[in-house]
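Chemist: If it helps, the file is called data_0.cif and holds mmCIF, C-alpha atoms:
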data_start
#
loop_
_atom_site.group_PDB
_atom_site.id
_atom_site.type_symbol
_atom_site.label_atom_id
_atom_site.label_comp_id
_atom_site.auth_asym_id
_atom_site.auth_seq_id
_atom_site.Cartn_x
_atom_site.Cartn_y
_atom_site.Cartn_z
ATOM 1 C CA LEU L 1320 5.644 24.422 -7.484
ATOM 2 C CA GLY L 1321 4.294 23.428 -10.852
ATOM 3 C CA ASN L 1322 6.833 20.608 -10.924
ATOM 4 C CA ALA L 1323 9.245 19.339 -8.283
ATOM 5 C CA ASP L 1324 12.088 18.191 -10.556
ATOM 6 C CA ASN L 1325 14.285 21.006 -9.299
ATOM 7 C CA CYS L 1326 13.616 20.006 -5.676
ATOM 8 C CA ALA L 1327 14.642 16.432 -6.405
ATOM 9 C CA ARG L 1328 17.911 17.600 -7.963
ATOM 10 C CA VAL L 1329 18.724 19.891 -5.017
ATOM 11 C CA LEU L 1330 17.970 17.170 -2.460
ATOM 12 C CA ALA L 1331 20.127 14.701 -4.363
ATOM 13 C CA TYR L 1332 23.021 17.186 -4.479
ATOM 14 C CA HIS L 1333 22.631 17.906 -0.761
ATOM 15 C CA ILE L 1334 23.089 14.217 0.070
ATOM 16 C CA ASN L 1335 25.973 13.755 -2.352
ATOM 17 C CA PRO L 1336 27.225 16.011 -5.179
ATOM 18 C CA ARG L 1337 27.703 12.915 -7.339
ATOM 19 C CA THR L 1338 24.399 12.212 -9.055
ATOM 20 C CA ASP L 1339 25.311 8.597 -9.774
ATOM 21 C CA PHE L 1340 25.885 7.997 -6.045
ATOM 22 C CA PHE L 1341 22.420 9.278 -5.158
ATOM 23 C CA VAL L 1342 20.778 7.277 -7.972
ATOM 24 C CA SER L 1343 22.539 4.198 -6.632
ATOM 25 C CA LEU L 1344 20.931 4.835 -3.239
ATOM 26 C CA MET L 1345 17.550 5.161 -4.964
ATOM 27 C CA ASN L 1346 17.961 1.770 -6.619
ATOM 28 C CA GLN L 1347 19.122 0.174 -3.374
ATOM 29 C CA THR L 1348 16.016 1.457 -1.584
ATOM 30 C CA ALA L 1349 13.780 0.299 -4.434
ATOM 31 C CA ALA L 1350 15.254 -3.205 -4.208
ATOM 32 C CA ARG L 1351 14.896 -3.251 -0.421
ATOM 33 C CA ILE L 1352 11.142 -2.580 -0.534
ATOM 34 C CA GLY L 1353 10.487 -5.099 -3.308
ATOM 35 C CA MET L 1354 10.344 -2.861 -6.411
ATOM 36 C CA THR L 1355 11.816 -5.578 -8.616
ATOM 37 C CA GLN L 1356 10.689 -4.016 -11.915
ATOM 38 C CA THR L 1357 12.142 -0.559 -11.208
ATOM 39 C CA PHE L 1358 15.450 0.941 -12.319
ATOM 40 C CA PHE L 1359 16.297 4.616 -11.760
ATOM 41 C CA THR L 1360 18.836 6.565 -13.806
ATOM 42 C CA SER L 1361 18.202 10.098 -12.499
ATOM 43 C CA PRO L 1362 16.927 11.676 -9.281
ATOM 44 C CA ASP L 1363 14.159 13.619 -11.022
ATOM 45 C CA GLY L 1364 12.623 11.339 -13.663
ATOM 46 C CA SER L 1365 14.143 13.218 -16.574
ATOM 47 C CA GLU L 1366 12.541 12.514 -19.916
ATOM 48 C CA LYS L 1367 14.375 10.248 -22.355
ATOM 49 C CA SER L 1368 16.396 8.657 -19.545
ATOM 50 C CA LEU L 1369 16.460 4.872 -19.483
ATOM 51 C CA GLN L 1370 14.664 4.466 -16.181
ATOM 52 C CA ARG L 1371 11.663 2.166 -15.849
ATOM 53 C CA THR L 1372 9.016 1.219 -13.322
ATOM 54 C CA THR L 1373 5.508 -0.244 -13.114
ATOM 55 C CA ALA L 1374 2.242 0.786 -11.491
ATOM 56 C CA TYR L 1375 2.659 -2.062 -8.990
ATOM 57 C CA ASP L 1376 6.127 -0.876 -7.985
ATOM 58 C CA ALA L 1377 4.823 2.693 -7.697
ATOM 59 C CA ALA L 1378 2.153 1.397 -5.310
ATOM 60 C CA LEU L 1379 4.832 -0.337 -3.215
ATOM 61 C CA PHE L 1380 6.797 2.910 -3.048
ATOM 62 C CA TYR L 1381 3.698 4.896 -2.134
ATOM 63 C CA GLU L 1382 2.814 2.524 0.708
ATOM 64 C CA TYR L 1383 6.405 2.775 1.954
ATOM 65 C CA ALA L 1384 6.296 6.588 1.789
ATOM 66 C CA LEU L 1385 3.060 6.669 3.800
ATOM 67 C CA LYS L 1386 5.023 5.413 6.810
ATOM 68 C CA ASN L 1387 6.519 8.909 6.969
ATOM 69 C CA THR L 1388 4.121 10.755 9.273
ATOM 70 C CA GLN L 1389 4.623 14.208 7.732
ATOM 71 C CA PHE L 1390 4.197 12.866 4.189
ATOM 72 C CA LYS L 1391 0.989 11.115 5.233
ATOM 73 C CA ARG L 1392 -0.305 14.227 7.001
ATOM 74 C CA ILE L 1393 0.155 16.290 3.850
ATOM 75 C CA LEU L 1394 -1.588 13.760 1.627
ATOM 76 C CA THR L 1395 -4.574 13.168 3.906
ATOM 77 C CA ASN L 1396 -5.462 16.877 4.041
ATOM 78 C CA GLU L 1397 -6.667 19.041 1.200
ATOM 79 C CA VAL L 1398 -4.892 22.019 2.792
ATOM 80 C CA THR L 1399 -2.024 21.822 5.274
ATOM 81 C CA THR L 1400 0.898 23.968 6.437
ATOM 82 C CA LEU L 1401 4.664 23.537 6.468
ATOM 83 C CA TRP L 1402 7.493 25.131 8.454
ATOM 84 C CA ASP L 1403 6.443 28.647 9.471
ATOM 85 C CA GLY L 1404 2.809 28.294 8.428
ATOM 86 C CA MET L 1405 3.280 28.266 4.650
ATOM 87 C CA PRO L 1406 0.005 26.887 3.201
ATOM 88 C CA LEU L 1407 0.202 23.831 0.966
ATOM 89 C CA LEU L 1408 -2.687 22.781 -1.274
ATOM 90 C CA ASN L 1409 -3.151 19.130 -2.189
ATOM 91 C CA THR L 1410 -4.591 19.151 -5.715
ATOM 92 C CA CYS L 1411 -5.505 15.446 -5.701
ATOM 93 C CA SER L 1412 -9.246 16.077 -5.615
ATOM 94 C CA ILE L 1413 -10.009 12.520 -6.790
ATOM 95 C CA ALA L 1414 -9.248 10.891 -3.440
ATOM 96 C CA PHE L 1415 -11.228 13.454 -1.473
ATOM 97 C CA SER L 1416 -14.249 13.202 -3.757
ATOM 98 C CA LEU L 1417 -14.213 9.418 -3.268
ATOM 99 C CA LYS L 1418 -13.947 9.976 0.473
ATOM 100 C CA GLU L 1419 -17.173 11.962 0.398
ATOM 101 C CA GLU L 1420 -18.977 9.550 -1.923
ATOM 102 C CA PHE L 1421 -18.123 6.390 0.020
ATOM 103 C CA ASP L 1422 -18.151 7.927 3.504
ATOM 104 C CA SER L 1423 -14.540 6.885 3.917
ATOM 105 C CA PRO L 1424 -12.763 7.617 7.207
ATOM 106 C CA LEU L 1425 -9.438 8.135 5.425
ATOM 107 C CA ALA L 1426 -8.518 9.319 1.953
ATOM 108 C CA GLY L 1427 -5.575 11.030 0.362
ATOM 109 C CA GLY L 1428 -3.378 11.022 -2.665
ATOM 110 C CA VAL L 1429 -1.052 12.820 -5.000
ATOM 111 C CA TYR L 1430 -1.602 13.662 -8.650
ATOM 112 C CA THR L 1431 0.962 14.843 -11.162
ATOM 113 C CA GLY L 1432 0.532 15.570 -14.837
ATOM 114 C CA THR L 1433 1.490 17.918 -17.617
ATOM 115 C CA SER L 1434 -0.394 21.129 -18.307
ATOM 116 C CA GLN L 1435 -1.950 19.338 -21.294
ATOM 117 C CA GLY L 1436 -3.280 16.568 -19.036
ATOM 118 C CA LYS L 1437 -1.094 13.886 -20.622
ATOM 119 C CA GLY L 1438 1.239 11.453 -18.922
ATOM 120 C CA SER L 1439 -0.705 11.642 -15.674
ATOM 121 C CA THR L 1440 0.344 9.752 -12.545
ATOM 122 C CA LEU L 1441 -2.140 9.183 -9.742
ATOM 123 C CA MET L 1442 -1.256 7.583 -6.416
ATOM 124 C CA MET L 1443 -4.030 7.313 -3.884
ATOM 125 C CA HIS L 1444 -4.971 5.608 -0.637
ATOM 126 C CA ILE L 1445 -8.527 5.284 0.617
ATOM 127 C CA THR L 1446 -10.043 3.214 3.423
ATOM 128 C CA LEU L 1447 -13.520 1.880 2.685
ATOM 129 C CA PRO L 1448 -15.872 1.403 5.652
ATOM 130 C CA VAL L 1449 -17.407 -1.945 6.545
ATOM 131 C CA PRO L 1450 -20.317 -2.533 4.113
ATOM 132 C CA ALA L 1451 -23.789 -1.995 5.508
ATOM 133 C CA GLY L 1452 -25.339 -5.090 6.995
ATOM 134 C CA MET L 1453 -22.043 -6.776 7.881
ATOM 135 C CA ASP L 1454 -21.028 -7.476 11.459
ATOM 136 C CA PRO L 1455 -18.053 -5.214 12.356
ATOM 137 C CA GLU L 1456 -16.816 -7.993 14.633
ATOM 138 C CA THR L 1457 -16.254 -10.338 11.690
ATOM 139 C CA ALA L 1458 -15.784 -7.784 8.889
ATOM 140 C CA ALA L 1459 -13.340 -4.922 8.577
ATOM 141 C CA PRO L 1460 -12.563 -1.900 6.370
ATOM 142 C CA ILE L 1461 -10.552 -2.472 3.191
ATOM 143 C CA LYS L 1462 -7.531 -0.239 2.617
ATOM 144 C CA LEU L 1463 -6.652 0.405 -1.023
ATOM 145 C CA ILE L 1464 -3.270 1.596 -2.265
ATOM 146 C CA VAL L 1465 -3.766 2.659 -5.884
ATOM 147 C CA ALA L 1466 -1.312 3.686 -8.602
ATOM 148 C CA PHE L 1467 -2.348 4.723 -12.120
ATOM 149 C CA PHE L 1468 -0.269 5.764 -15.111
ATOM 150 C CA SER L 1469 -2.878 7.194 -17.478
ATOM 151 C CA GLN L 1470 -3.336 9.539 -20.413
ATOM 152 C CA GLY L 1471 -5.019 12.306 -18.468
ATOM 153 C CA THR L 1472 -6.899 13.488 -15.407
ATOM 154 C CA GLU L 1473 -10.284 12.305 -16.662
ATOM 155 C CA ASP L 1474 -8.955 8.793 -17.306
ATOM 156 C CA ALA L 1475 -7.413 8.568 -13.857
ATOM 157 C CA THR L 1476 -10.611 9.824 -12.228
ATOM 158 C CA GLN L 1477 -12.737 7.248 -14.026
ATOM 159 C CA TYR L 1478 -10.326 4.374 -13.347
ATOM 160 C CA ALA L 1479 -10.149 5.231 -9.651
ATOM 161 C CA HIS L 1480 -13.910 5.574 -9.338
ATOM 162 C CA ASN L 1481 -14.540 2.239 -11.101
ATOM 163 C CA LEU L 1482 -11.996 0.455 -8.925
ATOM 164 C CA VAL L 1483 -13.354 1.751 -5.625
ATOM 165 C CA THR L 1484 -16.947 1.035 -6.700
ATOM 166 C CA ASP L 1485 -15.994 -2.516 -7.662
ATOM 167 C CA VAL L 1486 -14.221 -3.202 -4.376
ATOM 168 C CA GLN L 1487 -16.955 -1.636 -2.245
ATOM 169 C CA THR L 1488 -19.741 -3.488 -4.102
ATOM 170 C CA ASN L 1489 -18.227 -6.902 -4.783
ATOM 171 C CA TYR L 1490 -15.720 -7.653 -2.022
ATOM 172 C CA ARG L 1491 -15.635 -8.043 1.731
ATOM 173 C CA LYS L 1492 -12.862 -8.307 4.299
ATOM 174 C CA VAL L 1493 -13.557 -11.153 6.711
ATOM 175 C CA CYS L 1494 -11.825 -11.702 10.041
ATOM 176 C CA PHE L 1495 -10.786 -15.316 10.591
ATOM 177 C CA PHE L 1496 -8.987 -14.950 13.917
ATOM 178 C CA LYS L 1497 -8.292 -12.205 16.419
ATOM 179 C CA ALA L 1498 -4.850 -11.695 17.926
ATOM 180 C CA ASN L 1499 -4.171 -14.164 20.786
ATOM 181 C CA GLN L 1500 -7.137 -16.308 19.771
ATOM 182 C CA GLU L 1501 -6.605 -20.063 20.013
ATOM 183 C CA ILE L 1502 -6.733 -21.604 16.546
ATOM 184 C CA ASP L 1503 -6.022 -25.252 17.283
ATOM 185 C CA THR L 1504 -4.812 -27.581 20.013
ATOM 186 C CA ARG L 1505 -2.895 -30.833 19.508
ATOM 187 C CA THR L 1506 -1.383 -33.364 21.863
ATOM 188 C CA VAL L 1507 2.363 -33.785 21.325
ATOM 189 C CA ALA L 1508 4.489 -36.107 23.467
ATOM 190 C CA GLY L 1509 1.748 -36.219 26.047
ATOM 191 C CA GLN L 1510 1.541 -32.458 26.303
ATOM 192 C CA SER L 1511 -0.939 -29.938 24.917
ATOM 193 C CA LEU L 1512 0.410 -27.821 22.041
ATOM 194 C CA LYS L 1513 -1.666 -24.740 21.241
ATOM 195 C CA LEU L 1514 -1.555 -22.694 18.045
ATOM 196 C CA ILE L 1515 -2.267 -19.032 18.887
ATOM 197 C CA ALA L 1516 -2.869 -16.229 16.373
ATOM 198 C CA GLY L 1517 -0.052 -13.687 16.615
ATOM 199 C CA ALA L 1518 -2.155 -10.952 14.990
ATOM 200 C CA ASP L 1519 -5.607 -10.345 13.564
ATOM 201 C CA LEU L 1520 -5.991 -12.519 10.460
ATOM 202 C CA PHE L 1521 -8.187 -11.275 7.588
ATOM 203 C CA CYS L 1522 -9.096 -12.404 4.094
ATOM 204 C CA VAL L 1523 -10.518 -10.279 1.271
ATOM 205 C CA ALA L 1524 -12.891 -12.350 -0.849
ATOM 206 C CA PRO L 1525 -15.778 -11.834 -3.300
ATOM 207 C CA TYR L 1526 -19.209 -11.618 -1.700
ATOM 208 C CA GLU L 1527 -20.451 -14.814 -3.356
ATOM 209 C CA VAL L 1528 -17.445 -16.861 -2.190
ATOM 210 C CA ASP L 1529 -17.143 -18.443 1.248
ATOM 211 C CA ALA L 1530 -13.980 -16.814 2.539
ATOM 212 C CA LYS L 1531 -13.084 -19.930 4.515
ATOM 213 C CA SER L 1532 -12.686 -21.811 1.225
ATOM 214 C CA TYR L 1533 -9.368 -19.948 0.911
ATOM 215 C CA VAL L 1534 -8.069 -21.570 4.087
ATOM 216 C CA GLN L 1535 -5.623 -24.394 3.509
ATOM 217 C CA ASN L 1536 -5.302 -27.088 6.171
ATOM 218 C CA ILE L 1537 -1.748 -28.267 6.754
ATOM 219 C CA SER L 1538 -0.889 -31.378 8.753
ATOM 220 C CA PHE L 1539 2.280 -31.732 10.825
ATOM 221 C CA THR L 1540 4.058 -34.942 11.807
ATOM 222 C CA PHE L 1541 5.999 -34.720 15.071
ATOM 223 C CA ASN L 1542 9.032 -36.914 15.706
ATOM 224 C CA VAL L 1543 9.820 -36.967 19.418
ATOM 225 C CA THR L 1544 13.460 -37.393 20.460
ATOM 226 C CA GLU L 1545 15.008 -37.359 23.919
ATOM 227 C CA ASP L 1546 15.677 -33.636 24.127
ATOM 228 C CA ARG L 1547 13.580 -31.926 21.476
ATOM 229 C CA VAL L 1548 10.582 -32.190 19.179
ATOM 230 C CA MET L 1549 11.296 -32.247 15.436
ATOM 231 C CA THR L 1550 8.640 -31.249 12.900
ATOM 232 C CA GLN L 1551 8.175 -32.328 9.333
#
Please, can you express the file's structure as structure tokens?
Modeler:
Amino acid sequence: LGNADNCARVLAYHINPRTDFFVSLMNQTAARIGMTQTFFTSPDGSEKSLQRTTAYDAALFYEYALKNTQFKRILTNEVTTLWDGMPLLNTCSIAFSLKEEFDSPLAGGVYTGTSQGKGSTLMMHITLPVPAGMDPETAAPIKLIVAFFSQGTEDATQYAHNLVTDVQTNYRKVCFFKANQEIDTRTVAGQSLKLIAGADLFCVAPYEVDAKSYVQNISFTFNVTEDRVMTQ
């Protein structure tokens, strides 16, 4: 399909013949996933409607959509199949070219734009490998979720390339604690109280900055009563 507006309208009608009902569901979902600057007025993004959104909100939506396994499978392959083997071509060549250039283990995206190359929208996800020379035990890949609203394909390509180059060259993802690692131990009411990491804890920081400088130390005062420990 050159454009999927008609698909959006059919899907909306299938869920409920009342367009306003379906648009209400769209806005409820947007609010639920934190798209605070988004307001939909149609199921298909019709021109001259009063809807609005931002690149940040589009990125939130894209990350949410990637949780759908079939959606993610389509976007991470340049060619895939649907239903009874119908081939589907992913025309977002930007993400796959970056995958090759940066030796990325995962890349994918979706690109839409007019035939004149104006009003382009690019949404992309790419995982950058651990930079050379860094210990994989203390460093980790950086996953980027990118959304661009640009004037054309060439703009979007250049923006995406500059962003990925900047992140890969100037930033690192440092592991502070591994899941189940003991972070601290304090004595409370004569007993040992241990703080354990519930999950792997990372921080993305510029190369020239000590990542641990982002760590904030917080002190707790414990008031012991007869039957419980209160914290302040």
Chemist: For L:Leu1425, work out the shell of residues within 9 Å, counting only C-alpha atoms and skipping chain neighbours fewer than 3 positions away, then give it as an MDAnalysis selection string.
Modeler: chainID L and resid 1395 1415 1418 1422 1444:1447
Chemist: What would the selection look like, as a PyMOL selection string, if the PyMOL selection byres ((chain L and resi 1451) around 12) were run on the coordinates I just shared?
Modeler: chain L and resi 1421-1422+1447-1450+1452-1455+1458-1460+1487-1488+1491
Chemist: What separation in Å, quoted to one decimal, exists between atom CA of L:Thr1373 and atom CA of L:Glu1473?
Modeler: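 Atom CA of L:Thr1373 sits 20.5 Å away from atom CA of L:Glu1473.
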Chemist: Can you measure atom CA of L:Met1405 to atom CA of L:Phe1390 for me? One decimal in Å is fine.
Modeler: 15.4 Å
Chemist: Which of these residues is nearest to L:Ala1479, using only C-alpha atoms: L:Leu1407, L:Val1398, L:Ile1413, L:Met1345?
Modeler: L:Ile1413
Chemist: Just the residues within 12 Å of L:Ala1350, please, counting only C-alpha atoms, with nothing from its chain fewer than 4 positions along; format it as a list in words.
Modeler: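 Contacts, with the query itself left out: Ser1343, Leu1344, Met1345, Asn1346, Met1354, Thr1355, Gln1356, Thr1357, Phe1358, Phe1359, Thr1372, Asp1376, Leu1379 and Phe1380 of chain L.
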Chemist: Between atom CA of L:Tyr1375 and atom CA of L:Phe1467, what distance in Å does the model show, to one decimal?
Modeler: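 Atom CA of L:Phe1467 lies at a distance of 9.0 Å from atom CA of L:Tyr1375.
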Chemist: Which residue is closest to L:Asp1519? Choose from L:Thr1457, L:Thr1400, L:Gln1535, L:Asn1481 and count all atoms listed in the file.
Modeler: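 Nearest to L:Asp1519: L:Thr1457.
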Chemist: Measuring atom to atom with all atoms listed in the file, identify which of L:Leu1520, L:Glu1527, L:Gly1471, L:Glu1501 is nearest to L:Asn1489.
Modeler: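 Among L:Leu1520, L:Glu1527, L:Gly1471, L:Glu1501, it is L:Glu1527 that comes nearest to L:Asn1489.
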Chemist: Output as lines of an AutoDock Vina configuration file the centre and edge lengths (Å, one decimal) of the box along x, y and z of the file that holds every listed atom of stretch 1418-1432 of chain L after adding 8 Å on each side.
Modeler:
center_x = -9.0
center_y = 11.0
center_z = -3.8
size_x = 35.9
size_y = 25.2
size_z = 38.0
Chemist: Please write as a PyMOL selection string the full residue list that the PyMOL selection byres ((chain L and resi 1338) around 12) yields on this file.
Modeler: chain L and resi 1327-1337+1339-1345+1359-1363
Chemist: Any chance you could work out the residue set of the PyMOL selection byres ((chain L and resi 1427) around 6) here, as number ranges by chain?
Modeler: L: 1394-1395, 1414, 1426, 1428, 1443-1444
Chemist: Would you list the contacts of L:Asn1499 as a PyMOL selection string, taking every protein, DNA or RNA residue within 6 Å and counting all atoms listed in the file, but skipping same-chain residues closer than 2 positions in sequence?
Modeler: chain L and resi 1515-1517
